[in-house]
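Engineer: query_26.txt is the file, holding compact mmCIF, C-alpha atoms:
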# COMPACT_ATOMS: atom_id res chain seq x y z
CA MET V 1 0.00 0.00 0.00
CA ASN V 2 1.64 3.23 -1.08
CA PHE V 3 1.21 6.65 0.43
CA ARG V 4 -1.25 7.85 -2.30
CA ARG V 5 -3.66 4.98 -1.63
CA VAL V 6 -3.55 5.55 2.14
CA ALA V 7 -4.20 9.26 1.64
CA LEU V 8 -7.12 8.53 -0.72
CA LEU V 9 -8.64 6.07 1.76
CA ALA V 10 -8.21 8.54 4.63
CA SER V 11 -9.78 11.28 2.52
CA ARG V 12 -12.82 9.08 1.70
CA LEU V 13 -13.18 8.08 5.35
CA LEU V 14 -13.02 11.71 6.36
CA THR V 15 -15.73 12.58 3.81
CA ILE V 16 -18.01 9.82 5.12
CA VAL V 17 -17.50 10.99 8.72
CA ALA V 18 -18.15 14.61 7.71
CA VAL V 19 -21.36 13.73 5.84
CA ALA V 20 -22.59 11.55 8.72
CA GLY V 21 -21.77 14.35 11.16
CA ALA V 22 -23.65 16.88 9.04
CA ILE V 23 -26.69 14.58 8.82
CA PHE V 24 -26.62 13.99 12.58
CA PHE V 25 -26.21 17.73 13.25
CA GLY V 26 -29.09 18.56 10.89
CA PHE V 27 -31.29 15.91 12.47
CA THR V 28 -30.51 17.21 15.96
CA ILE V 29 -31.37 20.78 14.93
CA TRP V 30 -34.61 19.55 13.30
CA ARG V 31 -35.57 17.59 16.42
CA THR V 32 -34.80 20.57 18.65
CA MET V 33 -36.96 22.82 16.50
CA LYS V 34 -39.77 20.29 16.57
CA GLY V 35 -39.75 20.33 20.38
CA PRO V 36 -39.57 17.45 22.81
CA ILE V 37 -41.07 14.11 21.87
CA SER V 38 -44.31 13.31 23.66
CA GLY V 39 -46.69 10.38 23.56
CA GLY V 40 -46.29 6.63 23.78
CA ASP V 41 -48.21 3.49 24.54
CA PHE V 42 -50.96 3.45 27.17
CA THR V 43 -53.59 1.09 28.53
CA LEU V 44 -57.17 2.00 29.49
CA THR V 45 -60.63 0.42 29.57
CA TYR V 46 -63.00 -0.02 26.64
CA ARG V 47 -66.46 -1.39 27.53
CA GLY V 48 -65.01 -3.04 30.63
CA GLN V 49 -62.08 -4.67 28.80
CA HIS V 50 -58.40 -3.74 28.86
CA TRP V 51 -57.51 -1.67 25.84
CA THR V 52 -53.92 -0.96 24.79
CA PHE V 53 -53.00 1.65 22.22
CA SER V 54 -50.34 -0.49 20.53
CA SER V 55 -52.52 -3.59 20.13
CA GLU V 56 -54.45 -2.39 17.10
CA THR V 57 -52.70 0.80 16.23
CA LYS V 58 -53.34 2.64 12.98
CA LYS V 59 -51.12 4.70 10.72
CA LEU V 60 -52.78 7.81 12.13
CA ASN V 61 -54.48 8.07 15.53
CA LEU V 62 -56.35 11.11 16.81
CA LEU V 63 -56.69 11.57 20.56
CA TYR V 64 -58.91 13.95 22.57
CA PHE V 65 -59.32 14.31 26.33
CA GLY V 66 -62.69 15.32 27.81
CA TYR V 67 -65.74 13.94 29.64
CA THR V 68 -69.28 13.03 28.70
CA LYS V 69 -71.03 15.61 30.90
CA CYS V 70 -69.12 18.42 29.25
CA PRO V 71 -71.95 19.97 27.18
CA ASP V 72 -70.00 22.48 25.17
CA VAL V 73 -66.34 22.10 24.26
CA CYS V 74 -66.17 18.27 24.05
CA PRO V 75 -69.22 17.67 21.85
CA THR V 76 -68.22 20.59 19.63
CA SER V 77 -64.72 19.12 19.16
CA LEU V 78 -66.05 15.62 18.60
CA SER V 79 -68.67 16.90 16.14
CA TYR V 80 -65.95 18.64 14.14
CA ALA V 81 -63.81 15.49 14.21
CA GLY V 82 -66.83 13.42 13.14
CA GLY V 83 -67.43 15.84 10.27
CA ALA V 84 -63.79 15.46 9.18
CA PHE V 85 -64.07 11.65 9.26
CA ARG V 86 -67.21 11.83 7.12
CA MET V 87 -65.14 13.62 4.44
CA LEU V 88 -62.67 10.71 4.24
CA LYS V 89 -62.91 7.89 1.73
CA ASN V 90 -63.49 4.33 2.90
CA GLU V 91 -59.89 3.27 2.14
CA GLU V 92 -58.59 6.25 4.15
CA LEU V 93 -60.79 5.34 7.11
CA LYS V 94 -58.95 2.00 7.36
CA ASP V 95 -55.75 3.85 8.32
CA ILE V 96 -57.14 6.17 10.95
CA ARG V 97 -58.97 6.06 14.27
CA PHE V 98 -60.24 8.59 16.80
CA ILE V 99 -59.87 8.00 20.53
CA PHE V 100 -61.91 9.93 23.09
CA LEU V 101 -60.43 9.54 26.55
CA SER V 102 -62.71 10.49 29.43
CA VAL V 103 -60.85 11.98 32.36
CA ASP V 104 -63.98 11.80 34.54
CA GLN V 105 -63.08 8.54 36.25
CA ALA V 106 -65.54 9.12 39.09
CA HIS V 107 -68.68 9.58 36.95
CA ASP V 108 -68.17 8.23 33.42
CA LYS V 109 -68.80 4.51 33.13
CA PRO V 110 -66.94 2.60 30.37
CA ASN V 111 -70.10 1.78 28.40
CA GLU V 112 -71.36 5.38 28.62
CA VAL V 113 -68.07 6.73 27.27
CA ALA V 114 -68.02 4.14 24.48
CA ASP V 115 -71.63 4.97 23.52
CA TYR V 116 -70.97 8.69 23.76
CA ALA V 117 -68.03 8.54 21.33
CA THR V 118 -70.07 6.70 18.69
CA ASN V 119 -72.62 9.53 18.60
CA PHE V 120 -70.13 11.47 16.52
CA PHE V 121 -68.82 8.74 14.19
CA PRO V 122 -69.50 5.00 14.36
CA THR V 123 -65.83 4.00 14.71
CA PHE V 124 -64.87 6.54 17.39
CA ILE V 125 -63.47 4.77 20.45
CA GLY V 126 -64.49 6.00 23.92
CA LEU V 127 -62.15 5.02 26.74
CA THR V 128 -61.87 5.54 30.44
CA GLY V 129 -60.13 3.78 33.30
CA GLY V 130 -58.89 4.08 36.86
CA LYS V 131 -57.49 7.41 37.98
CA GLU V 132 -53.95 6.06 37.89
CA GLN V 133 -54.37 4.78 34.33
CA ILE V 134 -55.92 8.05 33.16
CA ASP V 135 -53.22 10.15 34.83
CA LYS V 136 -50.49 7.94 33.38
CA ALA V 137 -51.97 8.23 29.88
CA ILE V 138 -52.53 11.99 29.97
CA GLY V 139 -49.06 12.45 31.47
CA LEU V 140 -47.56 11.20 28.19
CA PHE V 141 -49.02 14.15 26.30
CA PRO V 142 -48.85 17.94 26.55
CA ALA V 143 -52.30 17.93 28.13
CA SER V 144 -53.87 18.21 31.57
CA TYR V 145 -57.17 18.26 33.41
CA MET V 146 -58.41 19.58 36.73
CA LEU V 147 -61.49 18.59 38.69
CA GLU V 148 -63.14 21.66 40.20
CA GLU V 149 -65.79 21.10 42.83
CA ASN V 150 -68.77 23.41 42.64
CA PRO V 151 -71.46 22.57 45.21
CA LYS V 152 -73.72 25.32 43.79
CA SER V 153 -74.00 23.64 40.40
CA TYR V 154 -76.31 20.72 39.58
CA LEU V 155 -73.44 18.34 38.80
CA GLY V 156 -71.49 19.52 41.83
CA TYR V 157 -68.29 19.70 39.82
CA SER V 158 -66.79 20.57 36.48
CA ILE V 159 -63.59 19.50 34.80
CA SER V 160 -61.34 21.93 33.00
CA HIS V 161 -59.23 20.19 30.37
CA THR V 162 -56.97 20.70 27.39
CA ASP V 163 -58.98 21.30 24.22
CA ARG V 164 -56.64 19.83 21.60
CA ILE V 165 -56.87 16.92 19.20
CA PHE V 166 -53.49 15.19 19.14
CA PHE V 167 -52.33 13.45 15.97
CA LEU V 168 -50.31 10.34 16.87
CA ASP V 169 -48.27 8.04 14.67
CA SER V 170 -48.52 4.25 14.96
CA ASP V 171 -46.24 4.32 18.06
CA GLY V 172 -48.44 6.86 19.80
CA ILE V 173 -45.94 9.69 19.30
CA VAL V 174 -47.44 13.15 18.83
CA ILE V 175 -46.76 14.38 15.31
CA ASP V 176 -49.21 17.27 15.28
CA SER V 177 -52.19 18.80 17.10
CA ILE V 178 -55.07 21.18 16.48
CA SER V 179 -57.57 23.03 18.66
CA GLY V 180 -60.60 20.81 19.14
CA SER V 181 -63.47 23.26 19.36
CA LYS V 182 -62.18 26.29 17.48
CA GLU V 183 -60.99 25.13 14.07
CA GLY V 184 -63.86 23.19 12.49
CA SER V 185 -64.16 20.01 10.42
CA GLU V 186 -62.41 21.35 7.32
CA SER V 187 -59.20 22.22 9.24
CA ILE V 188 -59.14 18.83 10.96
CA TYR V 189 -59.72 17.11 7.60
CA LYS V 190 -56.80 19.03 6.02
CA LYS V 191 -54.47 17.97 8.83
CA ILE V 192 -55.60 14.36 8.52
CA LYS V 193 -54.84 14.44 4.79
CA GLU V 194 -51.36 15.90 5.51
CA HIS V 195 -50.50 12.93 7.71
CA LEU V 196 -52.28 9.99 6.07
CA MET G 1 -79.48 67.75 49.56
CA LYS G 2 -83.28 67.58 49.48
CA ARG G 3 -83.23 68.48 45.78
CA LYS G 4 -80.66 65.71 45.15
CA ILE G 5 -82.82 63.11 46.89
CA LEU G 6 -85.85 64.24 44.89
CA LEU G 7 -83.87 63.99 41.66
CA MET G 8 -82.68 60.47 42.53
CA ALA G 9 -86.21 59.43 43.44
CA ALA G 10 -87.47 60.84 40.13
CA ILE G 11 -84.79 58.89 38.22
CA ALA G 12 -85.66 55.71 40.10
CA ALA G 13 -89.37 56.24 39.44
CA PHE G 14 -88.66 56.87 35.73
CA ALA G 15 -86.50 53.73 35.52
CA ALA G 16 -89.18 51.66 37.23
CA ALA G 17 -91.82 53.05 34.88
CA ALA G 18 -89.63 52.37 31.83
CA SER G 19 -89.04 48.81 33.04
CA ALA G 20 -92.75 48.31 33.63
CA ASP G 21 -93.47 49.65 30.15
CA CYS G 22 -91.08 47.33 28.39
CA ASP G 23 -93.09 44.54 26.81
CA LEU G 24 -90.72 41.57 26.90
CA LYS G 25 -92.63 39.66 24.22
CA THR G 26 -92.05 42.35 21.63
CA LYS G 27 -88.91 44.04 22.92
CA VAL G 28 -86.72 41.02 23.62
CA GLU G 29 -85.76 39.36 20.34
CA PHE G 30 -84.59 35.77 20.29
CA THR G 31 -82.82 34.71 17.09
CA GLU G 32 -82.20 31.01 16.32
CA PRO G 33 -83.12 29.71 19.77
CA ARG G 34 -81.94 26.09 19.76
CA ILE G 35 -80.98 23.16 21.95
CA PHE G 36 -78.81 20.28 20.89
CA ALA G 37 -80.68 16.99 21.23
CA PRO G 38 -79.25 15.05 24.20
CA LEU G 39 -76.65 12.47 23.23
CA LYS G 40 -76.47 8.82 24.16
CA GLY G 41 -74.06 8.40 27.08
CA SER G 42 -74.45 11.93 28.47
CA ASN G 43 -77.01 13.58 30.74
CA ALA G 44 -76.14 17.15 29.75
CA THR G 45 -76.67 19.29 26.69
CA GLY G 46 -76.41 22.94 25.65
CA GLY G 47 -78.68 25.69 24.33
CA PHE G 48 -77.88 28.79 22.30
CA ALA G 49 -79.48 31.91 20.79
CA LYS G 50 -78.92 35.57 20.06
CA ILE G 51 -80.91 37.76 22.43
CA LYS G 52 -81.41 41.42 21.58
CA ASN G 53 -82.57 43.89 24.19
CA ASN G 54 -84.81 46.51 22.57
CA CYS G 55 -85.99 47.83 25.94
CA ALA G 56 -84.88 51.25 27.14
CA GLU G 57 -83.08 49.82 30.14
CA GLU G 58 -80.47 47.15 30.82
CA LEU G 59 -81.95 43.68 31.33
CA GLU G 60 -80.69 41.04 33.69
CA PHE G 61 -81.95 37.65 32.70
CA VAL G 62 -82.04 34.49 34.71
CA PHE G 63 -82.60 31.07 33.17
CA LYS G 64 -85.20 29.43 35.41
CA SER G 65 -86.36 26.14 33.86
CA ALA G 66 -86.95 24.10 30.72
CA ASP G 67 -89.80 21.69 30.11
CA GLY G 68 -88.59 18.08 30.19
CA PHE G 69 -85.29 18.73 32.02
CA LYS G 70 -84.59 18.22 35.69
CA ALA G 71 -82.23 21.16 36.03
CA VAL G 72 -80.89 24.09 34.04
CA GLU G 73 -78.02 26.53 34.47
CA SER G 74 -76.31 29.44 32.74
CA HIS G 75 -72.63 28.95 32.00
CA ALA G 76 -69.68 30.56 30.29
CA THR G 77 -66.78 28.62 28.80
CA VAL G 78 -63.45 30.28 29.49
CA GLU G 79 -59.82 29.37 28.83
CA GLU G 80 -57.66 29.19 31.96
CA ASN G 81 -54.06 27.95 32.14
CA GLY G 82 -54.36 26.30 28.74
CA ARG G 83 -57.50 24.42 29.76
CA MET G 84 -61.13 25.04 28.84
CA ALA G 85 -63.27 25.53 31.93
CA MET G 86 -66.97 26.09 32.50
CA LYS G 87 -68.11 28.74 34.93
CA LYS G 88 -71.63 28.76 36.30
CA THR G 89 -73.23 32.17 36.41
CA ASP G 90 -76.49 33.23 38.09
CA SER G 91 -77.52 35.66 35.36
CA PHE G 92 -76.49 37.47 32.20
CA LYS G 93 -76.90 41.21 31.63
CA ILE G 94 -77.78 42.84 28.30
CA LYS G 95 -77.52 46.61 27.89
CA SER G 96 -80.25 48.47 26.07
CA GLY G 97 -79.91 48.07 22.31
CA GLU G 98 -77.29 45.34 22.63
CA THR G 99 -77.33 41.67 21.72
CA LEU G 100 -76.08 38.81 23.84
CA GLU G 101 -74.80 35.88 21.85
CA LEU G 102 -75.10 32.47 23.44
CA VAL G 103 -72.71 30.36 21.38
CA PRO G 104 -70.78 27.08 21.62
CA GLY G 105 -67.44 27.84 23.29
CA GLY G 106 -68.81 30.99 24.99
CA LYS G 107 -71.78 31.93 27.14
CA HIS G 108 -74.46 29.26 26.91
CA LEU G 109 -77.42 27.57 28.57
CA MET G 110 -77.11 24.12 30.08
CA PHE G 111 -79.72 21.40 30.54
CA PHE G 112 -79.38 18.35 32.76
CA ASP G 113 -81.12 14.99 33.05
CA PRO G 114 -83.93 14.91 30.47
CA GLN G 115 -87.07 13.51 32.06
CA THR G 116 -88.71 12.63 28.75
CA GLU G 117 -87.38 11.92 25.29
CA ILE G 118 -86.28 15.22 23.77
CA LYS G 119 -86.75 14.59 20.05
CA GLU G 120 -84.97 16.37 17.22
CA GLY G 121 -87.35 18.81 15.51
CA SER G 122 -89.51 19.28 18.61
CA GLU G 123 -89.68 22.43 20.75
CA VAL G 124 -88.83 22.90 24.39
CA LYS G 125 -90.29 25.79 26.36
CA LEU G 126 -87.71 27.71 28.37
CA LYS G 127 -88.65 30.03 31.21
CA PHE G 128 -86.55 33.13 31.87
CA THR G 129 -86.94 36.19 34.01
CA PHE G 130 -85.87 39.56 32.63
CA ASN G 131 -85.54 42.07 35.44
CA LYS G 132 -87.69 39.66 37.45
CA LYS G 133 -90.50 39.58 34.85
CA GLU G 134 -91.20 36.14 33.40
CA LEU G 135 -90.87 35.26 29.73
CA THR G 136 -91.35 31.85 28.10
CA VAL G 137 -89.58 31.15 24.81
CA PRO G 138 -89.73 28.00 22.66
CA PHE G 139 -86.33 26.58 21.67
CA LYS G 140 -86.02 24.20 18.74
CA VAL G 141 -84.30 20.86 19.32
CA ILE G 142 -81.63 20.31 16.65
CA PRO G 143 -79.18 17.44 16.06
CA ARG G 144 -75.71 17.88 17.56
CA VAL G 145 -74.08 15.93 14.76
CA LYS G 146 -74.61 16.87 11.12
CA LYS G 147 -75.09 13.70 9.12
Let's see the structure in the file written out as structure tokens.
Structural biologist:
Amino acid sequence: MNFRRVALLASRLLTIVAVAGAIFFGFTIWRTMKGPISGGDFTLTYRGQHWTFSSETKKLNLLYFGYTKCPDVCPTSLSYAGGAFRMLKNEELKDIRFIFLSVDQAHDKPNEVADYATNFFPTFIGLTGGKEQIDKAIGLFPASYMLEENPKSYLGYSISHTDRIFFLDSDGIVIDSISGSKEGSESIYKKIKEHL
Amino acid sequence: MKRKILLMAAIAAFAAAASADCDLKTKVEFTEPRIFAPLKGSNATGGFAKIKNNCAEELEFVFKSADGFKAVESHATVEENGRMAMKKTDSFKIKSGETLELVPGGKHLMFFDPQTEIKEGSEVKLKFTFNKKELTVPFKVIPRVKK
């Protein structure tokens, strides 16, 4: 092996390392700009049975947190989402699902939540679970809820909660989100089409 | 001082007379009064309308009852700390000549525990008081989900 061949080899190696470094640097910058990763797998209850996100995951999964006795923001968001699903073609519907997660563990029964979700689109999945399960699931996402007792109101309480529809990939990682009650069906549909 | 008291009494008497003169049925305009039909799995629903006050004075209205529902309330949806929250309110006020909009995501009426089947297309009678005078207004029951 002469000096020229060694130099050529070293030069190629250096180029490969430089390109790999540039790709890694670019990827890191892109990830930083995108913000921290949130989401993941979670287990809850669907009609009294254990339900795990990863067991029948879809290419695109939409997730919304709320509760069935919420008469304003939740049904508005779910109506818009239902409207967006009605705009999709049958073959597109095979790759997408909508999950409504009730954070009202004390009052929402699994069957009620499941029934409630199907009001808006027949395939919508309504989940609930124990407080620990709900808190663990919501903790994976940039979302929160707070139970506020109000003895003067008929229900005796209300729950404030994040009003966003999260777009998750097949691993449950958040790839996008949109306001639930403010944007309308058309905006949700456009975002779905971007990610399907 | 005496003159001031007399003036205040005259203003109060005029206000009372104006209030008494205001015919709620013709002076309070309800536009698109509607209730979303209750949904399977939930015991609560919402009602909305635009309410214009054509009376000479400000009106304070209280939502008292709705036929077929066990309880009713007035609420406002507000955003707090990145979360949407509902705040119960005892009444809403509408200044003379102004319109109050009851809309999804804002101020709205709430209905709890239907006692009978509330069918789409039917009407529900709602009882309000405006400055303590009673007014009954029919609200149309519409579907929540457009099919």
Engineer: As a PDB file with C-alpha atoms, in the frame of the given file, please: the residues near Ser54 of chain V (cut-off 10 Å, all atoms listed in the file, same-chain neighbours under 5 positions excluded).
Structural biologist:
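Okay, part-v1.pdb is ready:
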ATOM      1  CA  GLY V  40     -46.290   6.630  23.780  1.00  0.00           C
ATOM      2  CA  ASP V  41     -48.210   3.490  24.540  1.00  0.00           C
ATOM      3  CA  PHE V  42     -50.960   3.450  27.170  1.00  0.00           C
ATOM      4  CA  THR V  43     -53.590   1.090  28.530  1.00  0.00           C
ATOM      5  CA  SER V 170     -48.520   4.250  14.960  1.00  0.00           C
ATOM      6  CA  ASP V 171     -46.240   4.320  18.060  1.00  0.00           C
ATOM      7  CA  GLY V 172     -48.440   6.860  19.800  1.00  0.00           C
TER       8      GLY V 172
END
Engineer: Starting from chain G, keep only residues with some atom at most 6 Å from an atom of chain V, counting all atoms listed in the file, and report them as number ranges by chain.
Structural biologist: G: 40-42, 44-46, 83-85, 104-105, 145
Engineer: Tell me, in Å to one decimal, how far atom CA of Leu44 of chain V is from atom CA of Ile178 of chain V.
Structural biologist: 23.3 Å
Engineer: Might you pull out every residue within 9 Å of Gln115 of chain G, with all atoms listed in the file counted and same-chain residues fewer than 4 positions away left off, and present them as a ChimeraX atom specification?
Structural biologist: /G:67-70
Engineer: Considering only C-alpha atoms, can you say which of G:His75, G:Val141, G:Glu101, G:Thr136 comes closest to Thr31 of chain G?
Structural biologist: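 Among the listed residues, the smallest separation from Thr31 of chain G belongs to G:Glu101.
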Engineer: Need the shell around His50 of chain V: protein/DNA/RNA residues with any atom at most 12 Å away, counting all atoms listed in the file. Skip same-chain ones fewer than 3 positions apart. Format as a PyMOL selection string?
Structural biologist: chain V and resi 42-47+53+55+110+127-130+133
Engineer: Here's a test: counting only C-alpha atoms, identify every protein, DNA and RNA residue with an atom at most 12 Å from (-79.6, 17.3, 14.6) in the file's coordinate frame, and state them as a list of chain:residue names.
Structural biologist: V:Ser79, V:Asn119, V:Phe120, G:Arg34, G:Ile35, G:Phe36, G:Ala37, G:Pro38, G:Leu39, G:Ile118, G:Lys119, G:Glu120, G:Gly121, G:Ser122, G:Lys140, G:Val141, G:Ile142, G:Pro143, G:Arg144, G:Val145, G:Lys146, G:Lys147
Engineer: So what do you get for atom CA of Ser65 of chain G versus atom CA of His107 of chain V, distance-wise?
Structural biologist: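 Taking atom CA of Ser65 of chain G as the start and atom CA of His107 of chain V as the end point, the length is 24.4 Å.
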Engineer: Distance atom CA of Glu92 of chain V-atom CA of Trp51 of chain V, one decimal place?
Structural biologist: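 Interatomic distance here is 23.1 Å.
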Engineer: Tell me which protein, DNA and RNA residues are within 8 Å of Val72 of chain G, counting all atoms listed in the file, leaving out same-chain ones fewer than 4 positions away, and put them as a PyMOL selection string.
Structural biologist: (chain V and resi 154) or (chain G and resi 63-66+109-112)
Engineer: Excluding Ser185 of chain V and residues on its chain fewer than 2 positions from it, collect all residues at most 7 Å away from it, counting all atoms listed in the file, and give them as a list of chain:residue names.
Structural biologist: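 Those residues are V:Tyr80, V:Ala81, V:Gly83, V:Ala84, V:Ser187, V:Ile188, V:Tyr189.
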Engineer: Which is closer to Ala49 of chain G than all the others in G:Asn81, G:Lys107, G:Lys127, G:Glu32, using all atoms listed in the file?
Structural biologist: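 Of all the options, G:Glu32 lies closest to Ala49 of chain G.
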Engineer: Please identify all polymer residues lying at most 12 Å from the point (-88.4, 42.0, 25.4) (file coordinates), using only C-alpha atoms, and present the result as a CSV table (one decimal) with C-alpha atoms, in the frame of the given file.
Structural biologist:
chain,number,residue,atom,x,y,z
G,19,SER,CA,-89.0,48.8,33.0
G,20,ALA,CA,-92.8,48.3,33.6
G,21,ASP,CA,-93.5,49.6,30.2
G,22,CYS,CA,-91.1,47.3,28.4
G,23,ASP,CA,-93.1,44.5,26.8
G,24,LEU,CA,-90.7,41.6,26.9
G,25,LYS,CA,-92.6,39.7,24.2
G,26,THR,CA,-92.0,42.4,21.6
G,27,LYS,CA,-88.9,44.0,22.9
G,28,VAL,CA,-86.7,41.0,23.6
G,29,GLU,CA,-85.8,39.4,20.3
G,30,PHE,CA,-84.6,35.8,20.3
G,51,ILE,CA,-80.9,37.8,22.4
G,52,LYS,CA,-81.4,41.4,21.6
G,53,ASN,CA,-82.6,43.9,24.2
G,54,ASN,CA,-84.8,46.5,22.6
G,55,CYS,CA,-86.0,47.8,25.9
G,56,ALA,CA,-84.9,51.2,27.1
G,57,GLU,CA,-83.1,49.8,30.1
G,58,GLU,CA,-80.5,47.2,30.8
G,59,LEU,CA,-82.0,43.7,31.3
G,60,GLU,CA,-80.7,41.0,33.7
G,61,PHE,CA,-82.0,37.6,32.7
G,94,ILE,CA,-77.8,42.8,28.3
G,96,SER,CA,-80.2,48.5,26.1
G,97,GLY,CA,-79.9,48.1,22.3
G,98,GLU,CA,-77.3,45.3,22.6
G,99,THR,CA,-77.3,41.7,21.7
G,128,PHE,CA,-86.6,33.1,31.9
G,129,THR,CA,-86.9,36.2,34.0
G,130,PHE,CA,-85.9,39.6,32.6
G,131,ASN,CA,-85.5,42.1,35.4
G,133,LYS,CA,-90.5,39.6,34.8
G,134,GLU,CA,-91.2,36.1,33.4
G,135,LEU,CA,-90.9,35.3,29.7
G,136,THR,CA,-91.4,31.8,28.1
G,137,VAL,CA,-89.6,31.2,24.8
Engineer: Mind writing segment 101-119 of chain V to a file for me, with C-alpha atoms, as a short mmCIF file (atom, residue, chain, number, x, y, z; two decimals), in the first residue's frame?
Structural biologist:
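This is the output file selection.cif:
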data_model
loop_
_atom_site.label_atom_id
_atom_site.label_comp_id
_atom_site.auth_asym_id
_atom_site.auth_seq_id
_atom_site.Cartn_x
_atom_site.Cartn_y
_atom_site.Cartn_z
CA LEU V 101 -60.43 9.54 26.55
CA SER V 102 -62.71 10.49 29.43
CA VAL V 103 -60.85 11.98 32.36
CA ASP V 104 -63.98 11.80 34.54
CA GLN V 105 -63.08 8.54 36.25
CA ALA V 106 -65.54 9.12 39.09
CA HIS V 107 -68.68 9.58 36.95
CA ASP V 108 -68.17 8.23 33.42
CA LYS V 109 -68.80 4.51 33.13
CA PRO V 110 -66.94 2.60 30.37
CA ASN V 111 -70.10 1.78 28.40
CA GLU V 112 -71.36 5.38 28.62
CA VAL V 113 -68.07 6.73 27.27
CA ALA V 114 -68.02 4.14 24.48
CA ASP V 115 -71.63 4.97 23.52
CA TYR V 116 -70.97 8.69 23.76
CA ALA V 117 -68.03 8.54 21.33
CA THR V 118 -70.07 6.70 18.69
CA ASN V 119 -72.62 9.53 18.60
#
